[in-house]
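The data block below is coords_18.cif; it holds mmCIF, C-alpha atoms.
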data_run
#
loop_
_atom_site.group_PDB
_atom_site.id
_atom_site.type_symbol
_atom_site.label_atom_id
_atom_site.label_comp_id
_atom_site.auth_asym_id
_atom_site.auth_seq_id
_atom_site.Cartn_x
_atom_site.Cartn_y
_atom_site.Cartn_z
ATOM 1 C CA MET A 1 65.206 38.320 114.215
ATOM 2 C CA HIS A 2 65.485 40.816 111.392
ATOM 3 C CA GLU A 3 62.094 39.725 110.061
ATOM 4 C CA GLY A 4 60.573 40.299 113.505
ATOM 5 C CA ASN A 5 62.058 43.781 113.725
ATOM 6 C CA ALA A 6 60.597 44.577 110.309
ATOM 7 C CA PHE A 7 57.134 43.622 111.458
ATOM 8 C CA VAL A 8 57.587 45.696 114.619
ATOM 9 C CA SER A 9 58.309 48.810 112.536
ATOM 10 C CA VAL A 10 55.364 48.129 110.216
ATOM 11 C CA THR A 11 53.093 47.570 113.220
ATOM 12 C CA LEU A 12 54.211 50.838 114.837
ATOM 13 C CA VAL A 13 53.543 52.783 111.642
ATOM 14 C CA VAL A 14 50.103 51.215 111.136
ATOM 15 C CA LEU A 15 49.176 51.860 114.784
ATOM 16 C CA ALA A 16 50.321 55.477 114.431
ATOM 17 C CA ALA A 17 48.212 55.838 111.278
ATOM 18 C CA PHE A 18 45.202 54.566 113.253
ATOM 19 C CA LEU A 19 45.769 56.771 116.313
ATOM 20 C CA VAL A 20 46.572 60.104 114.608
ATOM 21 C CA PRO A 21 43.038 60.978 113.410
ATOM 22 C CA VAL A 22 41.574 59.654 116.678
ATOM 23 C CA LEU A 23 43.831 61.947 118.718
ATOM 24 C CA LEU A 24 43.104 64.949 116.503
ATOM 25 C CA TYR A 25 39.377 64.332 116.953
ATOM 26 C CA ARG A 26 39.570 63.782 120.715
ATOM 27 C CA LEU A 27 41.746 66.868 121.226
ATOM 28 C CA LYS A 28 39.454 68.862 118.920
ATOM 29 C CA ILE A 29 42.355 70.004 116.758
ATOM 30 C CA ARG A 30 40.762 71.012 113.479
ATOM 31 C CA ALA A 31 43.379 73.430 112.142
ATOM 32 C CA ILE A 32 46.042 70.756 111.547
ATOM 33 C CA PRO A 33 45.423 68.494 108.520
ATOM 34 C CA VAL A 34 45.760 64.777 109.177
ATOM 35 C CA VAL A 35 48.624 64.456 106.671
ATOM 36 C CA ALA A 36 50.627 67.111 108.540
ATOM 37 C CA ALA A 37 50.011 65.319 111.834
ATOM 38 C CA GLU A 38 51.138 62.047 110.268
ATOM 39 C CA ILE A 39 54.420 63.639 109.179
ATOM 40 C CA VAL A 40 54.930 65.003 112.709
ATOM 41 C CA ILE A 41 54.293 61.567 114.219
ATOM 42 C CA GLY A 42 56.833 60.188 111.773
ATOM 43 C CA LEU A 43 59.367 62.753 112.993
ATOM 44 C CA ILE A 44 58.770 61.644 116.575
ATOM 45 C CA LEU A 45 59.053 57.923 115.830
ATOM 46 C CA GLY A 46 61.857 58.110 113.248
ATOM 47 C CA LYS A 47 65.433 59.326 112.876
ATOM 48 C CA SER A 48 64.812 62.775 114.333
ATOM 49 C CA GLY A 49 63.039 61.482 117.433
ATOM 50 C CA LEU A 50 62.808 58.199 119.290
ATOM 51 C CA GLY A 51 64.338 56.093 116.534
ATOM 52 C CA TRP A 52 61.740 53.341 116.874
ATOM 53 C CA VAL A 53 60.854 53.224 113.181
ATOM 54 C CA HIS A 54 63.571 52.286 110.693
ATOM 55 C CA GLU A 55 63.124 52.208 106.937
ATOM 56 C CA ASP A 56 63.476 48.563 105.919
ATOM 57 C CA GLN A 57 62.445 46.808 102.723
ATOM 58 C CA TRP A 58 58.848 46.353 103.907
ATOM 59 C CA LEU A 59 58.278 49.981 104.834
ATOM 60 C CA GLN A 60 60.153 51.288 101.806
ATOM 61 C CA THR A 61 57.929 49.229 99.486
ATOM 62 C CA LEU A 62 54.698 50.171 101.274
ATOM 63 C CA SER A 63 55.692 53.845 101.378
ATOM 64 C CA THR A 64 56.523 53.908 97.665
ATOM 65 C CA LEU A 65 53.239 52.175 96.835
ATOM 66 C CA GLY A 66 51.446 54.694 99.053
ATOM 67 C CA PHE A 67 52.913 57.635 97.141
ATOM 68 C CA ILE A 68 52.136 56.038 93.775
ATOM 69 C CA TYR A 69 48.577 55.283 94.861
ATOM 70 C CA LEU A 70 48.165 58.822 96.166
ATOM 71 C CA MET A 71 49.116 60.183 92.735
ATOM 72 C CA PHE A 72 46.669 57.761 91.140
ATOM 73 C CA LEU A 73 43.841 58.981 93.393
ATOM 74 C CA SER A 74 44.824 62.575 92.607
ATOM 75 C CA GLY A 75 44.207 61.947 88.918
ATOM 76 C CA LEU A 76 41.009 60.074 89.744
ATOM 77 C CA GLU A 77 39.645 63.038 91.728
ATOM 78 C CA ILE A 78 39.803 65.480 88.815
ATOM 79 C CA ASP A 79 36.318 66.071 87.466
ATOM 80 C CA PHE A 80 36.903 66.785 83.780
ATOM 81 C CA ARG A 81 33.174 67.410 83.257
ATOM 82 C CA TYR A 82 33.495 70.568 85.345
ATOM 83 C CA PHE A 83 35.834 72.114 82.764
ATOM 84 C CA SER A 84 33.473 71.327 79.886
ATOM 85 C CA GLN A 85 30.331 72.705 81.539
ATOM 86 C CA LYS A 86 28.871 76.006 80.412
ATOM 87 C CA ARG A 87 29.422 78.850 82.829
ATOM 88 C CA THR A 88 26.406 80.341 84.533
ATOM 89 C CA ASP A 89 28.364 83.399 85.650
ATOM 90 C CA ARG A 90 29.850 85.098 82.583
ATOM 91 C CA SER A 91 31.786 87.542 84.759
ATOM 92 C CA LEU A 92 34.157 84.734 85.795
ATOM 93 C CA PRO A 93 36.896 83.479 83.452
ATOM 94 C CA PRO A 94 36.817 79.872 82.157
ATOM 95 C CA PRO A 95 38.447 77.402 84.596
ATOM 96 C CA LEU A 96 41.336 76.548 82.268
ATOM 97 C CA VAL A 97 42.056 80.248 81.657
ATOM 98 C CA ALA A 98 41.996 80.971 85.389
ATOM 99 C CA THR A 99 44.243 77.984 86.139
ATOM 100 C CA SER A 100 46.786 78.886 83.448
ATOM 101 C CA SER A 101 46.844 82.570 84.467
ATOM 102 C CA ILE A 102 47.465 81.765 88.121
ATOM 103 C CA PHE A 103 50.241 79.332 87.240
ATOM 104 C CA VAL A 104 51.937 81.918 85.014
ATOM 105 C CA LEU A 105 51.754 84.363 87.929
ATOM 106 C CA ILE A 106 53.287 81.753 90.263
ATOM 107 C CA LEU A 107 56.063 81.097 87.749
ATOM 108 C CA GLY A 108 56.754 84.833 87.398
ATOM 109 C CA LEU A 109 56.912 85.410 91.158
ATOM 110 C CA SER A 110 59.165 82.357 91.512
ATOM 111 C CA TYR A 111 61.573 83.799 88.949
ATOM 112 C CA VAL A 112 61.685 87.138 90.799
ATOM 113 C CA LEU A 113 62.467 85.337 94.054
ATOM 114 C CA ALA A 114 65.081 83.163 92.341
ATOM 115 C CA ARG A 115 66.820 86.241 90.895
ATOM 116 C CA ALA A 116 66.837 87.763 94.381
ATOM 117 C CA LEU A 117 68.495 84.624 95.777
ATOM 118 C CA VAL A 118 71.108 84.805 93.004
ATOM 119 C CA ALA A 119 71.717 88.483 93.740
ATOM 120 C CA ILE A 120 72.507 87.821 97.415
ATOM 121 C CA GLY A 121 74.753 84.885 96.520
ATOM 122 C CA LEU A 122 72.747 81.981 97.967
ATOM 123 C CA VAL A 123 72.282 80.168 94.634
ATOM 124 C CA ASP A 124 73.852 80.234 91.177
ATOM 125 C CA ASP A 125 71.178 78.909 88.775
ATOM 126 C CA ALA A 126 68.068 81.127 88.647
ATOM 127 C CA ILE A 127 66.158 78.912 86.194
ATOM 128 C CA LEU A 128 66.593 75.761 88.269
ATOM 129 C CA ILE A 129 65.536 77.563 91.462
ATOM 130 C CA THR A 130 62.520 79.042 89.644
ATOM 131 C CA ILE A 131 61.338 75.551 88.708
ATOM 132 C CA ILE A 132 61.865 74.317 92.270
ATOM 133 C CA ILE A 133 60.014 77.219 93.918
ATOM 134 C CA ALA A 134 57.103 77.031 91.455
ATOM 135 C CA THR A 135 56.478 73.368 92.237
ATOM 136 C CA ILE A 136 53.419 72.673 94.414
ATOM 137 C CA SER A 137 53.138 69.197 95.909
ATOM 138 C CA LEU A 138 49.993 67.530 94.619
ATOM 139 C CA GLY A 139 50.504 64.763 97.170
ATOM 140 C CA VAL A 140 49.952 67.195 100.047
ATOM 141 C CA VAL A 141 47.275 69.478 98.587
ATOM 142 C CA MET A 142 44.901 66.750 97.415
ATOM 143 C CA PRO A 143 44.446 64.974 100.800
ATOM 144 C CA VAL A 144 43.876 68.335 102.508
ATOM 145 C CA LEU A 145 41.192 69.312 99.989
ATOM 146 C CA LYS A 146 39.570 65.920 100.448
ATOM 147 C CA GLU A 147 39.686 66.199 104.238
ATOM 148 C CA LYS A 148 38.044 69.648 104.099
ATOM 149 C CA LYS A 149 35.364 68.273 101.704
ATOM 150 C CA MET A 150 36.315 70.745 98.970
ATOM 151 C CA MET A 151 37.007 68.279 96.145
ATOM 152 C CA ASN A 152 33.542 68.573 94.594
ATOM 153 C CA THR A 153 33.365 72.363 94.809
ATOM 154 C CA PRO A 154 34.393 74.750 92.010
ATOM 155 C CA LEU A 155 37.051 76.317 94.264
ATOM 156 C CA GLY A 156 38.421 72.900 95.190
ATOM 157 C CA GLN A 157 38.651 71.866 91.549
ATOM 158 C CA ILE A 158 40.410 75.131 90.645
ATOM 159 C CA ILE A 159 42.952 74.649 93.457
ATOM 160 C CA MET A 160 43.387 71.043 92.381
ATOM 161 C CA MET A 161 44.024 72.002 88.755
ATOM 162 C CA ILE A 162 46.498 74.743 89.735
ATOM 163 C CA THR A 163 48.393 72.177 91.781
ATOM 164 C CA VAL A 164 48.297 69.614 88.963
ATOM 165 C CA VAL A 165 49.565 72.137 86.411
ATOM 166 C CA SER A 166 52.273 73.382 88.769
ATOM 167 C CA ASP A 167 53.471 69.925 89.783
ATOM 168 C CA PHE A 168 53.593 68.346 86.354
ATOM 169 C CA VAL A 169 54.507 71.331 84.174
ATOM 170 C CA THR A 170 57.496 72.027 86.410
ATOM 171 C CA MET A 171 58.414 68.339 86.172
ATOM 172 C CA ILE A 172 58.397 68.597 82.378
ATOM 173 C CA LEU A 173 60.272 71.911 82.473
ATOM 174 C CA LEU A 174 62.913 70.291 84.661
ATOM 175 C CA SER A 175 63.320 67.453 82.141
ATOM 176 C CA ILE A 176 63.680 69.981 79.314
ATOM 177 C CA TYR A 177 66.199 72.058 81.262
ATOM 178 C CA ILE A 178 68.304 69.028 82.219
ATOM 179 C CA SER A 179 68.252 67.884 78.569
ATOM 180 C CA TYR A 180 69.390 71.356 77.522
ATOM 181 C CA LEU A 181 72.254 71.376 80.028
ATOM 182 C CA SER A 182 73.395 67.886 79.017
ATOM 183 C CA HIS A 183 72.992 68.660 75.264
ATOM 184 C CA SER A 184 70.989 65.452 74.899
ATOM 185 C CA PHE A 185 67.288 65.431 74.067
ATOM 186 C CA ILE A 186 66.803 61.673 74.234
ATOM 187 C CA GLN A 187 64.875 62.076 77.491
ATOM 188 C CA MET A 188 62.400 64.405 75.777
ATOM 189 C CA ILE A 189 61.876 61.775 73.066
ATOM 190 C CA TYR A 190 61.146 59.192 75.778
ATOM 191 C CA LEU A 191 58.672 61.603 77.372
ATOM 192 C CA LEU A 192 56.845 62.081 74.058
ATOM 193 C CA MET A 193 56.796 58.309 73.560
ATOM 194 C CA PHE A 194 55.271 57.907 76.996
ATOM 195 C CA PHE A 195 52.448 60.381 76.321
ATOM 196 C CA PHE A 196 51.795 58.755 72.952
ATOM 197 C CA GLY A 197 51.568 55.336 74.615
ATOM 198 C CA VAL A 198 49.179 56.671 77.263
ATOM 199 C CA ALA A 199 46.888 58.094 74.556
ATOM 200 C CA ILE A 200 46.787 54.753 72.734
ATOM 201 C CA VAL A 201 45.990 52.829 75.924
ATOM 202 C CA TYR A 202 43.197 55.274 76.761
ATOM 203 C CA LEU A 203 41.593 54.897 73.329
ATOM 204 C CA LEU A 204 41.753 51.098 73.588
ATOM 205 C CA ILE A 205 40.251 51.077 77.087
ATOM 206 C CA ARG A 206 37.436 53.421 76.074
ATOM 207 C CA LYS A 207 36.660 51.196 73.102
ATOM 208 C CA TYR A 208 36.454 47.895 74.990
ATOM 209 C CA SER A 209 35.420 48.898 78.539
ATOM 210 C CA ALA A 210 31.681 49.012 77.763
ATOM 211 C CA ARG A 211 31.481 45.424 76.506
ATOM 212 C CA SER A 212 29.102 43.049 78.256
ATOM 213 C CA ILE A 213 31.813 40.641 79.414
ATOM 214 C CA VAL A 214 33.447 43.432 81.437
ATOM 215 C CA ASN A 215 30.178 44.181 83.218
ATOM 216 C CA LEU A 216 29.531 40.474 83.762
ATOM 217 C CA LEU A 217 32.918 39.864 85.404
ATOM 218 C CA SER A 218 32.840 42.977 87.603
ATOM 219 C CA HIS A 219 30.913 41.401 90.488
ATOM 220 C CA GLY A 220 31.414 38.721 93.124
ATOM 221 C CA THR A 221 34.883 37.320 93.663
ATOM 222 C CA ILE A 222 36.171 38.328 90.214
ATOM 223 C CA GLN A 223 35.911 42.145 90.557
ATOM 224 C CA LEU A 224 37.335 42.728 87.091
ATOM 225 C CA GLY A 225 37.048 46.500 87.474
ATOM 226 C CA MET A 226 39.336 46.525 90.522
ATOM 227 C CA ARG A 227 41.786 44.139 88.884
ATOM 228 C CA GLY A 228 41.840 46.187 85.722
ATOM 229 C CA THR A 229 42.381 49.423 87.653
ATOM 230 C CA PHE A 230 45.391 48.086 89.543
ATOM 231 C CA ALA A 231 46.754 46.473 86.372
ATOM 232 C CA LEU A 232 46.472 49.819 84.576
ATOM 233 C CA LEU A 233 48.137 51.663 87.458
ATOM 234 C CA LEU A 234 51.094 49.301 87.704
ATOM 235 C CA PHE A 235 51.446 49.075 83.910
ATOM 236 C CA PHE A 236 51.752 52.852 83.599
ATOM 237 C CA VAL A 237 54.197 52.991 86.522
ATOM 238 C CA ALA A 238 56.350 50.274 84.945
ATOM 239 C CA PHE A 239 56.035 51.887 81.493
ATOM 240 C CA SER A 240 57.123 55.305 82.761
ATOM 241 C CA ASP A 241 59.961 53.781 84.781
ATOM 242 C CA ALA A 242 61.222 51.853 81.751
ATOM 243 C CA LEU A 243 61.389 55.072 79.712
ATOM 244 C CA GLY A 244 63.093 56.999 82.502
ATOM 245 C CA VAL A 245 60.003 59.142 83.145
ATOM 246 C CA GLU A 246 58.854 59.887 86.702
ATOM 247 C CA ASN A 247 56.653 56.978 87.775
ATOM 248 C CA ILE A 248 54.320 59.328 89.648
ATOM 249 C CA LEU A 249 53.419 60.826 86.255
ATOM 250 C CA GLY A 250 52.366 57.370 85.097
ATOM 251 C CA ALA A 251 50.299 56.840 88.253
ATOM 252 C CA PHE A 252 48.602 60.223 87.892
ATOM 253 C CA LEU A 253 47.690 59.659 84.239
ATOM 254 C CA ALA A 254 46.311 56.221 85.122
ATOM 255 C CA GLY A 255 43.982 57.970 87.571
ATOM 256 C CA CYS A 256 43.010 60.512 84.910
ATOM 257 C CA ILE A 257 42.075 57.723 82.498
ATOM 258 C CA VAL A 258 39.891 56.012 85.105
ATOM 259 C CA SER A 259 38.256 59.372 85.865
ATOM 260 C CA LEU A 260 37.545 59.990 82.165
ATOM 261 C CA LEU A 261 35.749 56.631 82.047
ATOM 262 C CA ARG A 262 33.347 58.029 84.674
ATOM 263 C CA PRO A 263 33.318 55.129 87.145
ATOM 264 C CA LYS A 264 30.469 54.652 89.605
ATOM 265 C CA LYS A 265 30.655 56.494 92.909
ATOM 266 C CA GLU A 266 30.709 53.234 94.905
ATOM 267 C CA PHE A 267 33.719 52.024 92.899
ATOM 268 C CA VAL A 268 35.643 55.242 93.585
ATOM 269 C CA GLN A 269 34.821 54.957 97.286
ATOM 270 C CA ARG A 270 36.323 51.452 97.401
ATOM 271 C CA LEU A 271 39.505 52.736 95.777
ATOM 272 C CA ASP A 272 39.637 55.626 98.269
ATOM 273 C CA SER A 273 39.123 53.319 101.237
ATOM 274 C CA PHE A 274 42.045 51.119 100.275
ATOM 275 C CA GLY A 275 44.388 54.074 99.770
ATOM 276 C CA TYR A 276 43.496 56.329 102.698
ATOM 277 C CA GLY A 277 42.853 53.399 105.006
ATOM 278 C CA PHE A 278 46.230 51.727 104.543
ATOM 279 C CA LEU A 279 48.892 52.753 102.018
ATOM 280 C CA ILE A 280 48.784 56.569 102.003
ATOM 281 C CA PRO A 281 49.131 57.114 105.808
ATOM 282 C CA ILE A 282 52.208 54.873 105.740
ATOM 283 C CA PHE A 283 53.763 57.119 103.086
ATOM 284 C CA PHE A 284 53.225 60.338 105.079
ATOM 285 C CA ILE A 285 54.462 58.834 108.340
ATOM 286 C CA MET A 286 57.583 57.551 106.578
ATOM 287 C CA VAL A 287 58.199 61.033 105.132
ATOM 288 C CA GLY A 288 58.629 62.244 108.697
ATOM 289 C CA ALA A 289 60.447 59.123 109.882
ATOM 290 C CA LYS A 290 63.144 59.413 107.177
ATOM 291 C CA LEU A 291 63.760 63.121 107.731
ATOM 292 C CA GLU A 292 66.899 63.956 109.747
ATOM 293 C CA ILE A 293 65.738 67.356 110.905
ATOM 294 C CA TRP A 294 68.652 67.992 113.282
ATOM 295 C CA SER A 295 71.142 67.902 110.405
ATOM 296 C CA LEU A 296 69.504 71.050 109.035
ATOM 297 C CA PHE A 297 71.006 73.019 111.936
ATOM 298 C CA LYS A 298 74.571 71.798 111.366
ATOM 299 C CA ASP A 299 75.262 73.914 108.289
#

Hey, can you dump this file as structure tokens for me?
Amino acid sequence: MHEGNAFVSVTLVVLAAFLVPVLLYRLKIRAIPVVAAEIVIGLILGKSGLGWVHEDQWLQTLSTLGFIYLMFLSGLEIDFRYFSQKRTDRSLPPPLVATSSIFVLILGLSYVLARALVAIGLVDDAILITIIIATISLGVVMPVLKEKKMMNTPLGQIIMMITVVSDFVTMILLSIYISYLSHSFIQMIYLLMFFFGVAIVYLLIRKYSARSIVNLLSHGTIQLGMRGTFALLLFFVAFSDALGVENILGAFLAGCIVSLLRPKKEFVQRLDSFGYGFLIPIFFIMVGAKLEIWSLFKD
């Protein structure tokens, strides 16, 4: 009976993922991104609404895989060639300079707001609140940019890079700050080990990926490229998890490595189809389903 209930919840979530974009299109609602609508549907079906969807082992696993895969696709979408191209308009700053400057501005404004919250007595730790406020969710920004067809534009890439820098620099800053508070820097050593391991794996992949056997086994039922991509993704997730590093960082860097290898457009489209057609909508719907919104009004 429990197994049947699990499949009922999974079926409801998958049906909701199918119906959300259809309803948005039929109702001609263009202002609301699909990911936001999926979270709202999750609120309606989950703990804060009808209570039809419960987080069981199946949905928890699929939702986690959806988030990991979303981070992988976020790394895959970064076009590193754009940041190495020569600028045609010399009046504009280089992309990396613009990205870094905007992030520094965000960090400064976040600190001002955090100090204001400390001054009125709502929080005690200004540095921690600064890191929290400065964080921008890559998992939300990237699907919206993709939906609005902005990923291949200079503005879209700038927004993407600002989000990447904000999300992952604040993650590293949080690790440093926690290490400082605990007077133990072992976590920072693990983080450096992780980045060193990623660099080695990238160099090995770049060295052997162009060999004829790889091209020979990348067609038909073997699909070595797809197998290798998922093996790389899960290896980095497991590697980061073993070192106590956020597994989404491993997933993102796996996507960056695949992007640096410049895969064919058709291959990227197949990866996109799997993620946005199945796993990623489940993650966003479960975000809403797990949220107990009414408890926010109790305190």

List the spatial neighbours of segment 290-296 of chain A as a PyMOL selection string - criterion: any atom at most 9 Å away, all atoms listed in the file, same-chain residues fewer than 3 positions off excluded.
chain A and resi 42-43+46-49+53-55+285-287+299

Only C-alpha atoms, please: the residues just picked out, written as a short mmCIF file (atom, residue, chain, number, x, y, z; two decimals), keeping the file's coordinate frame.
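Output saved as result-v9.cif:
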data_model
loop_
_atom_site.label_atom_id
_atom_site.label_comp_id
_atom_site.auth_asym_id
_atom_site.auth_seq_id
_atom_site.Cartn_x
_atom_site.Cartn_y
_atom_site.Cartn_z
CA GLY A 42 56.83 60.19 111.77
CA LEU A 43 59.37 62.75 112.99
CA GLY A 46 61.86 58.11 113.25
CA LYS A 47 65.43 59.33 112.88
CA SER A 48 64.81 62.78 114.33
CA GLY A 49 63.04 61.48 117.43
CA VAL A 53 60.85 53.22 113.18
CA HIS A 54 63.57 52.29 110.69
CA GLU A 55 63.12 52.21 106.94
CA ILE A 285 54.46 58.83 108.34
CA MET A 286 57.58 57.55 106.58
CA VAL A 287 58.20 61.03 105.13
CA ASP A 299 75.26 73.91 108.29
#

Output check: residues returned by the PyMOL selection byres ((chain A and resi 63) around 12), as a PyMOL selection string
chain A and resi 10+13-14+55-62+64-70+275+278-290

Compile the contact shell of segment 130-140 of chain A as JSON, numbers by chain: residues with an atom at most 7 Å away, counting all atoms listed in the file, same-chain residues fewer than 2 positions apart removed.
{"A": [70, 71, 106, 107, 110, 111, 114, 126, 127, 128, 142, 143, 144, 163, 164, 166, 167, 170, 174]}

Just the residues within 12 Å of Ile189 of chain A, please, counting all atoms listed in the file, with nothing from its chain fewer than 3 positions along; format it as a PDB file with C-alpha atoms, in the coordinates of the input.
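part.pdb, written as the output of this step:
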ATOM      1  CA  SER A 175      63.320  67.453  82.141  1.00  0.00           C
ATOM      2  CA  ILE A 176      63.680  69.981  79.314  1.00  0.00           C
ATOM      3  CA  SER A 179      68.252  67.884  78.569  1.00  0.00           C
ATOM      4  CA  SER A 184      70.989  65.452  74.899  1.00  0.00           C
ATOM      5  CA  PHE A 185      67.288  65.431  74.067  1.00  0.00           C
ATOM      6  CA  ILE A 186      66.803  61.673  74.234  1.00  0.00           C
ATOM      7  CA  LEU A 192      56.845  62.081  74.058  1.00  0.00           C
ATOM      8  CA  MET A 193      56.796  58.309  73.560  1.00  0.00           C
ATOM      9  CA  PHE A 194      55.271  57.907  76.996  1.00  0.00           C
ATOM     10  CA  PHE A 195      52.448  60.381  76.321  1.00  0.00           C
ATOM     11  CA  PHE A 196      51.795  58.755  72.952  1.00  0.00           C
ATOM     12  CA  LEU A 243      61.389  55.072  79.712  1.00  0.00           C
ATOM     13  CA  GLY A 244      63.093  56.999  82.502  1.00  0.00           C
ATOM     14  CA  VAL A 245      60.003  59.142  83.145  1.00  0.00           C
TER      15      VAL A 245
END

What's the separation between atom CA of Val201 of chain A and atom CA of Leu249 of chain A, in Å to one decimal place?
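The value is 15.0 Å.
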
Quick one: which segment 35-74 of chain A residues come within 7 Å of segment 252-257 of chain A, and what is the nearest atom pair for each with the distance in Å to one decimal, counting all atoms listed in the file, rows ordered by chain and ascending number, as JSON lines?
{"residue": "A:Met71", "atom": "CA", "partner": "A:Phe252", "partner_atom": "CA", "distance": 4.9}
{"residue": "A:Phe72", "atom": "CA", "partner": "A:Gly255", "partner_atom": "CA", "distance": 4.5}
{"residue": "A:Leu73", "atom": "CA", "partner": "A:Gly255", "partner_atom": "CA", "distance": 5.9}
{"residue": "A:Ser74", "atom": "CA", "partner": "A:Phe252", "partner_atom": "CA", "distance": 6.5}

Could you write those residues out with C-alpha atoms, as a CSV table (one decimal), in the coordinates of the input?
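Ended up saving to out_26.csv:
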chain,number,residue,atom,x,y,z
A,71,MET,CA,49.1,60.2,92.7
A,72,PHE,CA,46.7,57.8,91.1
A,73,LEU,CA,43.8,59.0,93.4
A,74,SER,CA,44.8,62.6,92.6

Using all atoms listed in the file: which of A:Met151, A:Val22, A:Leu203, A:Ala17 has the shortest distance to Val258 of chain A:
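So, comparing all the options, the nearest one is A:Leu203.
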
Which residue, A:Arg30, A:Leu15, A:Thr229, A:Ile172, has the smallest gap to Arg270 of chain A when you use only C-alpha atoms?
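Comparing A:Arg30, A:Leu15, A:Thr229, A:Ile172 against Arg270 of chain A, the winner is A:Thr229.
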
What does the distance from atom CA of Ile78 of chain A to atom CA of Ser259 of chain A come to in Å, to one decimal?
7.0 Å

Just to confirm, what's the straight-line distance from atom CA of Val198 of chain A to atom CA of Phe236 of chain A in Å (one decimal)?
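Straight-line distance from atom CA of Val198 of chain A to atom CA of Phe236 of chain A works out to 7.8 Å.
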